[in-house]
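input-v2.cif follows (mmCIF, C-alpha atoms):
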```cif
data_run
loop_
_atom_site.label_atom_id
_atom_site.label_comp_id
_atom_site.auth_asym_id
_atom_site.auth_seq_id
_atom_site.Cartn_x
_atom_site.Cartn_y
_atom_site.Cartn_z
CA MET A 1 3.55 -53.51 5.52
CA ASP A 2 6.54 -51.38 4.52
CA SER A 3 4.70 -50.29 1.39
CA LEU A 4 1.69 -49.20 3.43
CA ASN A 5 3.96 -47.32 5.83
CA THR A 6 5.71 -45.59 2.92
CA LEU A 7 2.34 -44.69 1.40
CA TRP A 8 1.14 -43.26 4.72
CA LEU A 9 4.29 -41.17 5.16
CA SER A 10 3.76 -39.66 1.70
CA THR A 11 0.33 -38.30 2.62
CA GLY A 12 -0.36 -34.84 3.93
CA LEU A 13 -2.02 -36.22 7.06
CA ALA A 14 1.22 -37.82 8.18
CA ASN A 15 3.31 -34.70 7.61
CA PHE A 16 1.12 -31.85 8.85
CA GLU A 17 2.56 -29.68 11.59
CA LEU A 18 0.47 -27.41 13.81
CA GLY A 19 2.06 -24.27 12.36
CA GLN A 20 1.13 -25.30 8.83
CA VAL A 21 -2.48 -25.88 9.85
CA ILE A 22 -2.63 -22.46 11.50
CA MET A 23 -1.19 -20.72 8.43
CA MET A 24 -3.61 -22.54 6.13
CA LEU A 25 -6.39 -21.21 8.34
CA VAL A 26 -4.85 -17.74 8.00
CA GLY A 27 -4.96 -18.22 4.23
CA CYS A 28 -8.62 -19.22 4.50
CA GLY A 29 -9.20 -16.08 6.57
CA LEU A 30 -7.72 -13.95 3.78
CA LEU A 31 -9.97 -15.72 1.28
CA TYR A 32 -12.98 -14.98 3.50
CA LEU A 33 -12.08 -11.28 3.72
CA SER A 34 -11.64 -11.06 -0.05
CA ILE A 35 -14.72 -13.03 -1.09
CA ALA A 36 -17.31 -12.47 1.65
CA ARG A 37 -16.27 -8.98 2.79
CA LYS A 38 -14.74 -7.79 -0.52
CA PHE A 39 -11.65 -6.40 1.26
CA GLU A 40 -8.91 -5.82 -1.38
CA PRO A 41 -9.98 -9.00 -3.23
CA LEU A 42 -7.62 -8.51 -6.18
CA LEU A 43 -4.61 -9.21 -3.99
CA LEU A 44 -5.93 -10.88 -0.84
CA LEU A 45 -7.49 -13.74 -2.84
CA PRO A 46 -4.28 -14.89 -4.61
CA MET A 47 -2.29 -14.07 -1.44
CA GLY A 48 -4.56 -16.25 0.70
CA PHE A 49 -4.45 -19.08 -1.82
CA GLY A 50 -0.67 -18.77 -2.00
CA ALA A 51 -0.51 -19.06 1.80
CA ILE A 52 -2.46 -22.33 1.59
CA LEU A 53 -0.24 -23.71 -1.18
CA THR A 54 3.06 -22.85 0.53
CA ASN A 55 2.01 -24.63 3.74
CA ILE A 56 1.01 -27.91 2.10
CA PRO A 57 3.43 -30.48 3.58
CA ALA A 58 5.82 -32.24 1.21
CA ALA A 59 4.44 -30.36 -1.83
CA GLY A 60 7.50 -28.13 -2.22
CA PHE A 61 5.65 -25.14 -3.73
CA SER A 62 8.04 -22.64 -2.12
CA GLU A 63 11.19 -24.72 -2.27
CA VAL A 64 13.75 -24.61 -5.09
CA GLY A 65 12.03 -26.11 -8.10
CA GLY A 66 8.55 -25.15 -6.89
CA LEU A 67 6.26 -22.76 -8.74
CA LEU A 68 5.93 -20.20 -5.94
CA HIS A 69 9.70 -20.16 -5.43
CA TYR A 70 10.28 -19.01 -9.01
CA ILE A 71 7.36 -16.56 -8.97
CA TYR A 72 8.80 -14.90 -5.86
CA TYR A 73 12.38 -14.66 -7.04
CA ALA A 74 11.49 -13.69 -10.61
CA GLY A 75 9.10 -10.88 -9.74
CA ILE A 76 9.29 -9.84 -6.10
CA ASP A 77 12.92 -10.40 -5.13
CA THR A 78 13.92 -8.51 -8.28
CA GLY A 79 11.34 -5.79 -7.59
CA ILE A 80 9.76 -6.17 -11.04
CA PHE A 81 6.17 -6.91 -10.01
CA PRO A 82 5.66 -3.82 -7.76
CA LEU A 83 7.17 -1.62 -10.47
CA ILE A 84 4.85 -2.98 -13.17
CA ILE A 85 1.88 -2.41 -10.86
CA PHE A 86 3.05 1.16 -10.26
CA MET A 87 3.08 1.71 -14.03
CA GLY A 88 -0.49 0.41 -14.23
CA VAL A 89 -1.60 2.61 -11.32
CA GLY A 90 0.00 5.60 -13.07
CA ALA A 91 -1.96 4.77 -16.22
CA MET A 92 -5.18 4.74 -14.17
CA THR A 93 -4.46 7.98 -12.25
CA ASP A 94 -5.86 11.39 -13.14
CA PHE A 95 -3.73 14.18 -11.68
CA SER A 96 -6.21 16.92 -12.60
CA ALA A 97 -7.28 17.57 -9.00
CA LEU A 98 -3.67 17.89 -7.82
CA ILE A 99 -2.66 20.10 -10.75
CA ALA A 100 -5.71 22.34 -10.23
CA ASN A 101 -4.95 22.72 -6.52
CA PRO A 102 -1.21 22.04 -5.99
CA LYS A 103 -1.45 23.02 -2.31
CA THR A 104 -2.94 19.59 -1.65
CA LEU A 105 0.53 18.16 -2.31
CA LEU A 106 1.31 19.25 1.25
CA LEU A 107 -1.49 17.03 2.54
CA GLY A 108 -0.03 14.01 0.77
CA ALA A 109 3.35 14.85 2.30
CA ALA A 110 1.90 15.35 5.79
CA ALA A 111 0.22 11.96 5.74
CA GLN A 112 3.64 10.35 5.32
CA PHE A 113 4.55 11.47 8.84
CA GLY A 114 3.09 8.17 10.02
CA ILE A 115 5.89 6.37 8.19
CA PHE A 116 8.70 8.13 10.00
CA ALA A 117 6.94 8.08 13.38
CA THR A 118 6.52 4.32 13.04
CA LEU A 119 10.21 3.94 12.19
CA PHE A 120 11.07 4.97 15.75
CA GLY A 121 8.23 2.85 17.10
CA ALA A 122 9.68 -0.25 15.40
CA ILE A 123 13.09 0.46 16.91
CA ALA A 124 11.48 0.96 20.34
CA LEU A 125 9.87 -2.49 20.08
CA ASN A 126 13.32 -4.01 20.47
CA TYR A 127 12.79 -3.61 24.21
CA VAL A 128 10.05 -6.26 23.99
CA PRO A 129 11.42 -9.77 24.64
CA GLY A 130 11.49 -11.86 21.48
CA ILE A 131 11.54 -8.88 19.10
CA GLU A 132 14.75 -7.82 17.39
CA PHE A 133 14.27 -5.39 14.50
CA THR A 134 17.27 -3.97 12.69
CA LEU A 135 17.16 -0.47 11.19
CA LYS A 136 16.39 -2.04 7.80
CA ASP A 137 13.56 -4.07 9.33
CA ALA A 138 12.14 -0.98 11.02
CA SER A 139 12.29 1.00 7.77
CA ALA A 140 10.46 -1.74 5.86
CA ILE A 141 7.78 -1.95 8.56
CA ALA A 142 7.33 1.83 8.73
CA ILE A 143 6.31 2.11 5.07
CA ILE A 144 3.01 0.40 5.98
CA GLY A 145 1.90 3.85 7.18
CA GLY A 146 1.79 5.03 3.58
CA ALA A 147 -1.09 2.60 2.88
CA ASP A 148 0.52 1.67 -0.44
CA GLY A 149 0.80 -2.08 -0.96
CA PRO A 150 3.20 -2.16 -3.97
CA THR A 151 5.54 0.33 -2.27
CA ALA A 152 5.51 -1.72 0.94
CA ILE A 153 6.31 -4.90 -0.98
CA PHE A 154 9.04 -3.19 -3.01
CA LEU A 155 10.81 -1.77 0.05
CA ALA A 156 10.41 -4.95 2.09
CA SER A 157 11.91 -7.04 -0.72
CA LYS A 158 14.96 -4.76 -0.67
CA LEU A 159 15.43 -4.24 3.06
CA ALA A 160 13.73 -7.11 4.95
CA PRO A 161 12.67 -9.99 2.67
CA GLU A 162 12.19 -12.29 5.67
CA LEU A 163 9.42 -9.97 6.92
CA LEU A 164 7.77 -9.53 3.52
CA GLY A 165 4.75 -11.74 4.25
CA ALA A 166 3.80 -10.03 7.49
CA ILE A 167 4.40 -6.54 6.05
CA ALA A 168 2.30 -7.26 2.94
CA VAL A 169 -0.56 -8.73 4.95
CA ALA A 170 -0.52 -5.74 7.30
CA ALA A 171 -0.33 -3.20 4.47
CA TYR A 172 -3.21 -4.65 2.45
CA SER A 173 -5.31 -5.44 5.51
CA TYR A 174 -5.19 -1.84 6.72
CA MET A 175 -5.81 -0.55 3.19
CA ALA A 176 -8.93 -2.70 3.10
CA LEU A 177 -10.00 -1.34 6.50
CA VAL A 178 -9.79 2.33 5.42
CA PRO A 179 -13.61 2.78 5.67
CA ILE A 180 -13.51 1.45 9.24
CA ILE A 181 -10.28 2.98 10.62
CA GLN A 182 -10.36 6.48 9.16
CA PRO A 183 -13.85 7.93 9.97
CA PRO A 184 -13.50 7.84 13.80
CA ILE A 185 -10.11 9.60 13.56
CA MET A 186 -11.51 12.18 11.14
CA ARG A 187 -14.49 12.95 13.36
CA ALA A 188 -12.37 13.12 16.52
CA LEU A 189 -10.01 15.72 15.03
CA THR A 190 -12.59 17.97 13.34
CA THR A 191 -15.61 19.94 14.43
CA GLU A 192 -19.00 19.59 12.77
CA ASP A 193 -18.65 23.07 11.28
CA GLU A 194 -15.31 22.10 9.74
CA ARG A 195 -16.81 18.95 8.22
CA LYS A 196 -19.58 21.06 6.67
CA ILE A 197 -17.14 23.32 4.77
CA GLU A 198 -17.91 23.43 1.04
CA MET A 199 -14.89 23.96 -1.18
CA ALA A 200 -14.81 26.03 -4.37
CA GLN A 201 -15.05 24.18 -7.67
CA LEU A 202 -11.68 23.23 -9.16
CA ARG A 203 -10.49 24.97 -12.32
CA PRO A 204 -10.28 23.03 -15.61
CA VAL A 205 -6.87 21.52 -16.36
CA THR A 206 -5.42 21.59 -19.88
CA LYS A 207 -3.93 18.62 -21.70
CA ILE A 208 -0.54 20.35 -21.84
CA GLU A 209 -0.49 20.56 -18.05
CA LYS A 210 -1.38 16.88 -17.75
CA VAL A 211 1.44 15.89 -20.13
CA ILE A 212 4.06 18.13 -18.51
CA PHE A 213 3.20 17.06 -14.95
CA PRO A 214 4.61 13.47 -14.98
CA LEU A 215 7.72 14.67 -16.78
CA GLY A 216 8.21 17.42 -14.20
CA VAL A 217 7.74 15.01 -11.31
CA LEU A 218 10.27 12.60 -12.82
CA MET A 219 12.84 15.37 -13.34
CA MET A 220 12.47 16.56 -9.74
CA THR A 221 12.95 13.00 -8.52
CA ILE A 222 16.02 12.51 -10.70
CA PHE A 223 17.60 15.70 -9.37
CA PHE A 224 16.83 15.33 -5.67
CA LEU A 225 16.09 11.65 -4.87
CA PRO A 226 17.39 9.20 -7.51
CA SER A 227 16.72 6.22 -5.21
CA ALA A 228 12.96 6.83 -5.63
CA THR A 229 13.08 6.85 -9.44
CA PRO A 230 12.26 3.13 -9.90
CA LEU A 231 8.82 3.64 -8.35
CA VAL A 232 8.22 7.24 -9.42
CA GLY A 233 9.63 6.62 -12.90
CA MET A 234 7.30 3.71 -13.66
CA PHE A 235 4.37 5.64 -12.19
CA CYS A 236 5.13 8.63 -14.40
CA LEU A 237 5.56 6.42 -17.47
CA GLY A 238 2.10 4.95 -16.97
CA ASN A 239 0.59 8.40 -16.43
CA LEU A 240 2.30 9.82 -19.53
CA MET A 241 0.94 6.96 -21.65
CA ARG A 242 -2.52 7.86 -20.35
CA GLU A 243 -2.33 11.61 -20.86
CA SER A 244 -0.37 11.75 -24.13
CA GLY A 245 -3.32 10.31 -26.04
CA VAL A 246 -1.06 8.70 -28.67
CA VAL A 247 -0.59 5.23 -27.15
CA ASP A 248 -4.09 4.28 -26.08
CA ARG A 249 -3.39 0.58 -26.69
CA LEU A 250 -0.40 0.64 -24.36
CA SER A 251 -2.29 2.64 -21.74
CA THR A 252 -5.24 0.25 -21.89
CA THR A 253 -2.94 -2.77 -21.58
CA ALA A 254 -1.12 -1.25 -18.59
CA GLN A 255 -4.47 -0.50 -16.89
CA ASN A 256 -6.00 -3.91 -17.56
CA GLU A 257 -4.24 -7.05 -18.83
CA LEU A 258 -0.72 -6.26 -17.63
CA ILE A 259 -1.60 -5.09 -14.14
CA ASN A 260 -4.12 -7.93 -13.70
CA ILE A 261 -1.62 -10.64 -14.65
CA THR A 262 1.05 -9.10 -12.44
CA THR A 263 -1.36 -8.82 -9.51
CA ILE A 264 -2.07 -12.57 -9.69
CA PHE A 265 1.62 -13.44 -9.53
CA LEU A 266 2.35 -10.77 -6.93
CA GLY A 267 -0.32 -12.17 -4.63
CA LEU A 268 0.94 -15.74 -5.06
CA GLY A 269 4.53 -14.60 -4.51
CA VAL A 270 3.66 -12.79 -1.29
CA GLY A 271 1.62 -15.80 -0.19
CA SER A 272 4.72 -17.95 -0.61
CA LYS A 273 6.33 -16.01 2.26
CA LEU A 274 3.46 -16.82 4.62
CA SER A 275 5.05 -20.00 5.87
CA SER A 276 4.59 -20.97 9.50
CA GLU A 277 8.31 -20.49 10.21
CA ALA A 278 8.33 -16.90 8.93
CA PHE A 279 4.90 -15.75 10.14
CA LEU A 280 4.11 -17.40 13.47
CA ASN A 281 6.29 -15.36 15.83
CA VAL A 282 6.03 -12.39 18.16
CA GLU A 283 7.62 -10.10 15.55
CA THR A 284 4.58 -10.56 13.29
CA LEU A 285 2.30 -9.33 16.08
CA GLY A 286 4.58 -6.31 16.47
CA ILE A 287 4.36 -5.60 12.73
CA LEU A 288 0.56 -5.81 12.73
CA ALA A 289 0.34 -3.49 15.75
CA LEU A 290 2.79 -1.00 14.26
CA GLY A 291 0.88 -1.04 10.98
CA ALA A 292 -2.29 0.10 12.74
CA VAL A 293 -0.36 2.84 14.55
CA ALA A 294 1.36 3.97 11.34
CA PHE A 295 -1.89 4.18 9.42
CA SER A 296 -3.66 6.05 12.22
CA ILE A 297 -0.82 8.58 12.56
CA GLY A 298 -0.76 9.13 8.80
CA THR A 299 -4.50 9.81 8.75
CA ALA A 300 -4.31 12.16 11.73
CA SER A 301 -1.32 14.06 10.31
CA GLY A 302 -3.14 14.72 7.05
CA VAL A 303 -6.26 16.00 8.85
CA LEU A 304 -4.24 18.26 11.16
CA MET A 305 -2.29 19.69 8.22
CA ALA A 306 -5.56 20.42 6.39
CA LYS A 307 -6.93 22.17 9.51
CA THR A 308 -3.80 24.33 9.62
CA MET A 309 -4.05 25.15 5.91
CA ASN A 310 -7.72 26.08 6.33
CA LYS A 311 -6.81 28.65 8.97
CA LEU A 312 -3.96 30.14 6.92
CA SER A 313 -5.55 30.03 3.47
CA ASN A 314 -7.79 32.65 1.87
CA GLU A 315 -9.95 29.87 0.43
CA GLN A 316 -11.76 27.45 2.70
CA ILE A 317 -10.33 23.92 2.92
CA ASN A 318 -12.33 21.09 4.42
CA PRO A 319 -9.98 19.26 6.84
CA LEU A 320 -11.53 15.92 5.90
CA ILE A 321 -9.62 15.84 2.61
CA GLY A 322 -6.37 15.63 4.60
CA ALA A 323 -7.22 12.04 5.55
CA ALA A 324 -7.01 11.16 1.84
CA GLY A 325 -3.28 11.94 1.95
CA VAL A 326 -2.61 8.26 2.56
CA SER A 327 -2.19 6.58 -0.81
CA ALA A 328 -5.11 4.13 -0.69
CA VAL A 329 -6.47 5.31 -4.06
CA PRO A 330 -9.36 6.00 -4.47
CA MET A 331 -10.79 4.47 -1.29
CA ALA A 332 -9.46 7.16 1.05
CA ALA A 333 -10.92 9.91 -1.15
CA ARG A 334 -14.31 8.17 -1.15
CA VAL A 335 -14.23 7.92 2.64
CA ALA A 336 -13.50 11.65 2.94
CA ASN A 337 -16.40 12.37 0.60
CA LYS A 338 -18.73 10.08 2.55
CA VAL A 339 -17.94 11.67 5.93
CA GLY A 340 -18.37 15.12 4.38
CA LEU A 341 -21.79 14.20 2.99
CA GLU A 342 -22.89 12.97 6.41
CA ALA A 343 -22.23 16.45 7.83
CA ASN A 344 -23.57 18.35 4.82
CA PRO A 345 -25.67 16.64 2.10
CA HIS A 346 -24.53 19.31 -0.40
CA ASN A 347 -20.83 18.78 0.34
CA PHE A 348 -19.12 16.89 -2.48
CA LEU A 349 -15.44 16.46 -1.64
CA LEU A 350 -14.46 13.56 -3.91
CA MET A 351 -12.54 15.53 -6.55
CA HIS A 352 -10.94 17.75 -3.90
CA ALA A 353 -9.86 14.66 -1.93
CA MET A 354 -8.35 13.06 -5.05
CA GLY A 355 -5.64 15.76 -4.99
CA PRO A 356 -4.06 14.67 -1.69
CA ASN A 357 -4.90 11.05 -2.52
CA VAL A 358 -2.72 10.91 -5.63
CA ALA A 359 -0.17 13.11 -3.87
CA GLY A 360 -0.02 10.37 -1.24
CA VAL A 361 1.00 7.85 -3.90
CA LEU A 362 3.94 10.05 -4.83
CA GLY A 363 4.63 10.77 -1.17
CA SER A 364 4.88 7.10 -0.22
CA ALA A 365 7.20 6.44 -3.17
CA VAL A 366 9.41 9.37 -2.12
CA ALA A 367 9.40 8.16 1.51
CA ALA A 368 10.46 4.70 0.31
CA GLY A 369 13.25 6.32 -1.72
CA ILE A 370 14.45 8.25 1.32
CA LEU A 371 14.50 5.13 3.49
CA LEU A 372 16.24 3.15 0.76
CA ALA A 373 18.88 5.86 0.38
CA LEU A 374 19.47 6.13 4.14
CA VAL A 375 19.57 2.46 5.17
CA GLY A 376 19.65 0.47 1.93
CA GLY A 377 23.42 0.43 1.74
#
```
Please go through the file and, once you have read it, give me the structure as structure tokens.
Amino acid sequence: MDSLNTLWLSTGLANFELGQVIMMLVGCGLLYLSIARKFEPLLLLPMGFGAILTNIPAAGFSEVGGLLHYIYYAGIDTGIFPLIIFMGVGAMTDFSALIANPKTLLLGAAAQFGIFATLFGAIALNYVPGIEFTLKDASAIAIIGGADGPTAIFLASKLAPELLGAIAVAAYSYMALVPIIQPPIMRALTTEDERKIEMAQLRPVTKIEKVIFPLGVLMMTIFFLPSATPLVGMFCLGNLMRESGVVDRLSTTAQNELINITTIFLGLGVGSKLSSEAFLNVETLGILALGAVAFSIGTASGVLMAKTMNKLSNEQINPLIGAAGVSAVPMAARVANKVGLEANPHNFLLMHAMGPNVAGVLGSAVAAGILLALVGG
């Protein structure tokens, strides 16, 4: 009888808690979004599976000695995985549109306003019973507004590791919902005539410009914001490998094998923080709500800045490209192009929108550096 009792107590059925069941269902929900709806599948699939693994009772996946424990502390706690992904993203990024029209850098900067507006919103949530965010917590939550998953994970791992799971889920969920969230905001803030604006063709960009650009960006970051150099530096390294033309094997590896392997482990590592104890609380609801606000403000800020630039500039600027200032590359640029085509079938904005889109990647990294410098100590 004792043997049967011991055997029963060693099963999952005897050890399941309600919170673990709920979080396993959350993991299944992430798998559904990634497989059936194709929302950010590269990360949501391993993240959802990691959430299931970490909530298996008595398995010890996330405890000392467990696989997910070592994946998290080796790659996310150290900040290595987000940095490797940034290098891969840099190797996949073409800065031609931004170099050809450097004014769009302002649109990428304007879209980061959502980050700093949400910082105050997170602090204000402390008035809600059950929520207690420190300044570091609020800073980590605010970066969701940049719509840049690796940056959000990097900053959260430095400032608020206990909130990493909720922040990562919010960041990637809203990135996946770009085609749903952004168009209503874009239409509400622009007139039909503004959405019909056709922009002049961009000038050709030389190879020398493409090679000098990442080096120039890195030097500016070194001089004025050294705390952002981990993210910006790896991004510029990847881009230089791409544009130099002399290390095609390294560039190809960074764009494919290396970033793919790292994404698998990053997703599993984030999933390991989706335990019932860390996720099922009122603070998680606050983070999810603030993420939606941050993303909406960032989109609106970019559109309003583009409207202002259109009025002040000699050349016409379609305000829709301002929404691409959030760093969801290239999804936000595609959404801007799609909304523009709906208003004018001859209006092709994709390349124009890629300027603020890649500027948004740099902008979110700079914003993370600023927050790290201000509150990281």
Task: the PyMOL selection byres ((chain A and resi 171) around 10) applied to the shown file, residues as JSON, numbers by chain - done: {"A": [141, 143, 144, 145, 146, 147, 148, 149, 150, 151, 152, 153, 165, 166, 167, 168, 169, 170, 172, 173, 174, 175, 176, 287, 288, 291, 292, 295]}
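Shortest separation to Ala109 (chain A) among A:Ala306, A:Leu371, A:Leu320, A:Ile222 occurs at residue A:Ala306, atoms counted being all atoms listed in the file.
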Open item on the list: Which residues are close to region 87-103 of chain A, i.e. within 7 Å by all atoms listed in the file, leaving aside same-chain residues fewer than 2 positions away? Reply as an MDAnalysis selection string.
Closed with: chainID A and resid 83:85 105:106 202:203 205 234:239 241:242 251 254:255 259 351:352 354:356 358
Task: Option closest in space to Asp77 (chain A), from A:Leu18, A:Leu159, A:Leu374, A:Ile212 [counting all atoms listed in the file] - done: A:Leu159
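Minimum distance to Tyr72 (chain A) across A:Ala124, A:Val178, A:Val326, A:Met47 (counting all atoms listed in the file) occurs at A:Met47.
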Open item on the list: Take the PyMOL selection byres ((chain A and resi 76) around 8), run it mentally on this structure, and tell me the resulting residues as a ChimeraX atom specification.
Closed with: /A:71-75,77-82,153-154,157,266,269-270
Open item on the list: Running the PyMOL selection byres ((chain A and resi 53-65) around 7) on this model by hand, what would come out? Give it as a list in words.
Closed with: Gly12, Asn15, Phe16, Gln20, Met23, Met24, Phe49, Gly50, Ala51, Ile52, Gly66, Leu67, Leu68, His69, Ser272 and Ser275 of chain A
TODO: Tell me which of A:Thr308, A:Asn347, A:Thr299, A:Thr104 sits closest to Arg195 (chain A), counting all atoms listed in the file.
DONE: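 Result for the nearest residue to Arg195 (chain A): A:Asn347.
Proximity to Asn281 (chain A) at 9 Å, evaluated using only C-alpha atoms and with sequence-adjacent residues fewer than 5 positions away removed, yields Gly130, Ile131 and Ser276 of chain A.
Going from CA of Pro129 (chain A) to CA of Leu285 (chain A) covers 12.5 Å.
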Open item on the list: Rounded to one decimal, what separation in Å do you get between CA of Glu40 (chain A) and CA of Gly298 (chain A)?
Closed with: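 Atom-to-atom, CA of Glu40 (chain A) to CA of Gly298 (chain A), that is 19.8 Å.
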Task: Atom-to-atom span, CA of Leu349 (chain A) and CA of Ala200 (chain A), Å - done: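 It comes out at 10.0 Å.
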Open item on the list: I'd like the contact shell of Leu362 (chain A) - 8 Å cut-off, only C-alpha atoms, skipping same-chain residues fewer than 4 positions apart - returned as a list in words.
Closed with: Gly108, Val232, Val358 and Val366 of chain A
TODO: For Ile297 (chain A), work out the shell of residues within 8 Å, counting all atoms listed in the file and skipping chain neighbours fewer than 5 positions away, then give it as an MDAnalysis selection string.
DONE: chainID A and resid 111 113:114 117 145
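Minimum distance to Glu283 (chain A) across A:Leu304, A:Ala110, A:Cys28, A:Ala122 (counting all atoms listed in the file) occurs at A:Ala122.
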- [ ] Using only C-alpha atoms, give me every residue within 9 Å of (12.8, -2.0, 11.1) in file coordinates, as a ChimeraX atom specification.
- [x] /A:119-123,132-142,159-160
